[in-house]
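Q: The structure's right below; bear with me while I get my questions together.
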Amino acid sequence: MKPTLLVLAAGMGSRYGGIKQIDAIGQNNETLLDFATYDAKRSGFDKVVYIIRKEIEKDFRERLFDRVAKNFDAEYVFQTPESIFTKEQLPLRNIERTKPWGTIHAVLCAEEVLKTPFAVINADDYYGKSAFEIMSKHLSSQTENSTEHAMVAFILENTMSKVGSVSRGLCRTENDFLVSMEEHTKISFEDDKIVSLMSDEKGNDKKIYLTGKETVSMNFFGFNLSAFKTFHDYWDDFVAKNISSLKAEAFLPEAASRIVKNNEGTLKVYPSEEKWFGMTYPEDREIVKTEIANKIKNGYYPEKLWD
């Protein structure tokens with residue numbers, strides 16, 4: 001059974017200042033997402049599903065989707081502020097909220113089109129071909145009712161930005177399986193140190209100093225369809241507590257951790273030595289263009305990805 005790639009591409013790009021998912025960085029106006037999709041295709045994935053916002057559909061088709069769809073089985077679904085809420089829940093939402101509901105909300109928006117084990121990635125992060133090969137091999141070996149899920153994990157110091165803060169899930173593992181994972185949304189450099197800025201229950205900020213050697217998640221997960229039971233339970237609990245919130249988000253790493261915590265499955269952790277780059281801040285664009293150009297020069301990618 002060949003796996004599907006699910007791409008989280010509905011983010012608003014508030015720090016980047018534009019639609020980073022479809023910003024051209026390749027020699028033929030390819031986006032960073034073109035390269036991730038290409039890596040997935042050549043690693044054995046059978047299909048790609050993009051989750052996008054309705055308002056970027058026209059640009060998304062023109063700048064990425066139409067050329068990918070000529071070469072690969074591809075489709076897209078919308079994540080809207082109203083998606084997957086019940087009729088009873090809709091009137092309870094804060095009408096002033098513009099922020100998306102988070103990555104687990106995005107995944108649930110795509111549930112109906114996912115028919116095989118699937119990998120989840122961010123649209124604005126570079127993972128490298130080896131990560132897709134690892135995940136494709138794992139997911140292709142799964143049986144229909146399997147509860148062994150997976151993630152490709154990275155070393156924190158290899159995933160830091162010199163421009164600003166990043167969000168990472170700090171992982172604790174035993175014998176190559178996840179034990180727990182905690183989402184840290186503001187990790188940055190403080191001089192030559194790495195620090196995570198966290199808020200306590202009273203909303204006060206506290207600093208947690210990190211070594212840089214920690215194992216972290218960058219939202220590269222692989223799930224069997226059995227994971228959706230946990231995702232729905234997590235989402236229901238989140239909505240019960242946060243439906244009127246302006247900013248609260250339902251994070252995929254927290255839902256993945258719940259699978260392990262509740263003994264509803266396991267999550268195999270595959271380490272990667274890849275060095276991250278991505279499209280988080282405006283200054284990242286030239287860095288990404290240079291990195292991709294070097295990979296083309298070294299033969300890692302062809303000069304033109306798609307026919």
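Every chain in the structure tokens has a letter given in the order shown (A, B, ...), and although residue numbers restart at 1 in each chain, ligands are simply numbered from 1 in the order shown.
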Residues of stretch 47-270 of chain A in strand (DSSP E or B) according to DSSP, as a ChimeraX atom specification?
A: /A:47-52,74-78,118-122,125,148-155,166-174,177-190,193-199,205-210,215-223,266-270
Q: Please identify every residue of stretch 21-124 of chain A that has at least one atom no farther than 9 Å from an atom of stretch 214-227 of chain A, counting only C-alpha atoms, and for each give the shortest atom pair and the distance in Å to one decimal, arranged by chain then increasing number, as a Markdown table.
A:
```
| residue | atom | partner | partner_atom | distance |
| --- | --- | --- | --- | --- |
| A:Glu111 | CA | A:Leu225 | CA | 8.8 |
| A:Leu114 | CA | A:Leu225 | CA | 8.0 |
| A:Lys115 | CA | A:Leu225 | CA | 7.6 |
| A:Thr116 | CA | A:Leu225 | CA | 7.0 |
| A:Pro117 | CA | A:Asn224 | CA | 4.4 |
| A:Phe118 | CA | A:Phe223 | CA | 5.5 |
| A:Ala119 | CA | A:Gly222 | CA | 4.1 |
| A:Val120 | CA | A:Phe221 | CA | 5.2 |
| A:Ile121 | CA | A:Phe220 | CA | 4.8 |
| A:Asn122 | CA | A:Asn219 | CA | 6.4 |
```
Q: Would you give me, as a Markdown table, each residue of stretch 52-143 of chain A having an atom within 12 Å of an atom of stretch 150-159 of chain A, along with its shortest atom pair and that distance in Å to one decimal, using only C-alpha atoms and sorting by chain and residue number?
A:
```
| residue | atom | partner | partner_atom | distance |
| --- | --- | --- | --- | --- |
| A:Pro117 | CA | A:Ala150 | CA | 10.7 |
| A:Phe118 | CA | A:Ala150 | CA | 10.2 |
| A:Ala119 | CA | A:Met151 | CA | 8.7 |
| A:Val120 | CA | A:Met151 | CA | 9.2 |
| A:Ile121 | CA | A:Val152 | CA | 10.2 |
| A:Asp125 | CA | A:Thr159 | CA | 9.7 |
| A:Tyr126 | CA | A:Thr159 | CA | 9.9 |
| A:Tyr127 | CA | A:Val152 | CA | 9.1 |
| A:Gly128 | CA | A:Val152 | CA | 10.9 |
| A:Lys129 | CA | A:Val152 | CA | 11.8 |
| A:Ser130 | CA | A:Val152 | CA | 9.8 |
| A:Ala131 | CA | A:Val152 | CA | 6.4 |
| A:Phe132 | CA | A:Val152 | CA | 8.8 |
| A:Glu133 | CA | A:Val152 | CA | 10.4 |
| A:Ile134 | CA | A:Val152 | CA | 7.8 |
| A:Met135 | CA | A:Val152 | CA | 7.3 |
| A:Ser136 | CA | A:Ala150 | CA | 10.5 |
| A:Lys137 | CA | A:Ala150 | CA | 10.9 |
| A:His138 | CA | A:Ala150 | CA | 7.6 |
| A:Leu139 | CA | A:Ala150 | CA | 8.2 |
| A:Ser140 | CA | A:Ala150 | CA | 11.9 |
| A:Ser141 | CA | A:Ala150 | CA | 11.8 |
| A:Gln142 | CA | A:Ala150 | CA | 10.8 |
```
Q: Can you pull out every residue within 10 Å of A:Glu55, counting only C-alpha atoms, but drop anything in the same chain fewer than 4 positions away, and send it as a PDB file with C-alpha atoms, in the first residue's frame?
A:
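The result, stored in out07.pdb:
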```pdb
ATOM      1  CA  ALA A  10      -2.957  26.921   4.972  1.00  0.00           C
ATOM      2  CA  ASP A  59      -2.513  31.789  -6.918  1.00  0.00           C
ATOM      3  CA  PHE A  60      -1.897  28.307  -5.534  1.00  0.00           C
ATOM      4  CA  PHE A  78      -9.713  23.839   2.212  1.00  0.00           C
ATOM      5  CA  THR A  80     -11.645  27.388   6.834  1.00  0.00           C
TER       6      THR A  80
END
```
Q: Can you tell me how far atom CA of A:Asp124 sits from atom CA of A:Ala9, in Å to one decimal?
A: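 These two atoms are separated by 7.8 Å.
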Q: Could you check how far atom CA of A:Met1 sits from atom CA of A:Phe72, in Å to one decimal?
A: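 Going from atom CA of A:Met1 over to atom CA of A:Phe72, I get 16.7 Å.
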Q: Could you write out, as an NGL selection string, all the residues of stretch 97-268 of chain A that DSSP marks as helix (DSSP H, G or I)?
A: :A and (103-109 or 111-113 or 129-140 or 156-158 or 227-242 or 252-261)
Q: Considering only C-alpha atoms, state which residue in the set A:Ile95, A:Val260, A:Met181, A:Leu32 is at the smallest distance from A:Ser244.
A: A:Ile95
Q: Atom CA of A:Phe85 to atom CA of A:Val239: how many Å, to one decimal?
A: 8.9 Å
Q: Could you tell me which of A:Glu303, A:Glu249, A:Glu254, A:Asp237 comes closest to A:Arg97 if we count only C-alpha atoms?
A: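 Of the candidates, the smallest distance to A:Arg97 is held by A:Glu249.
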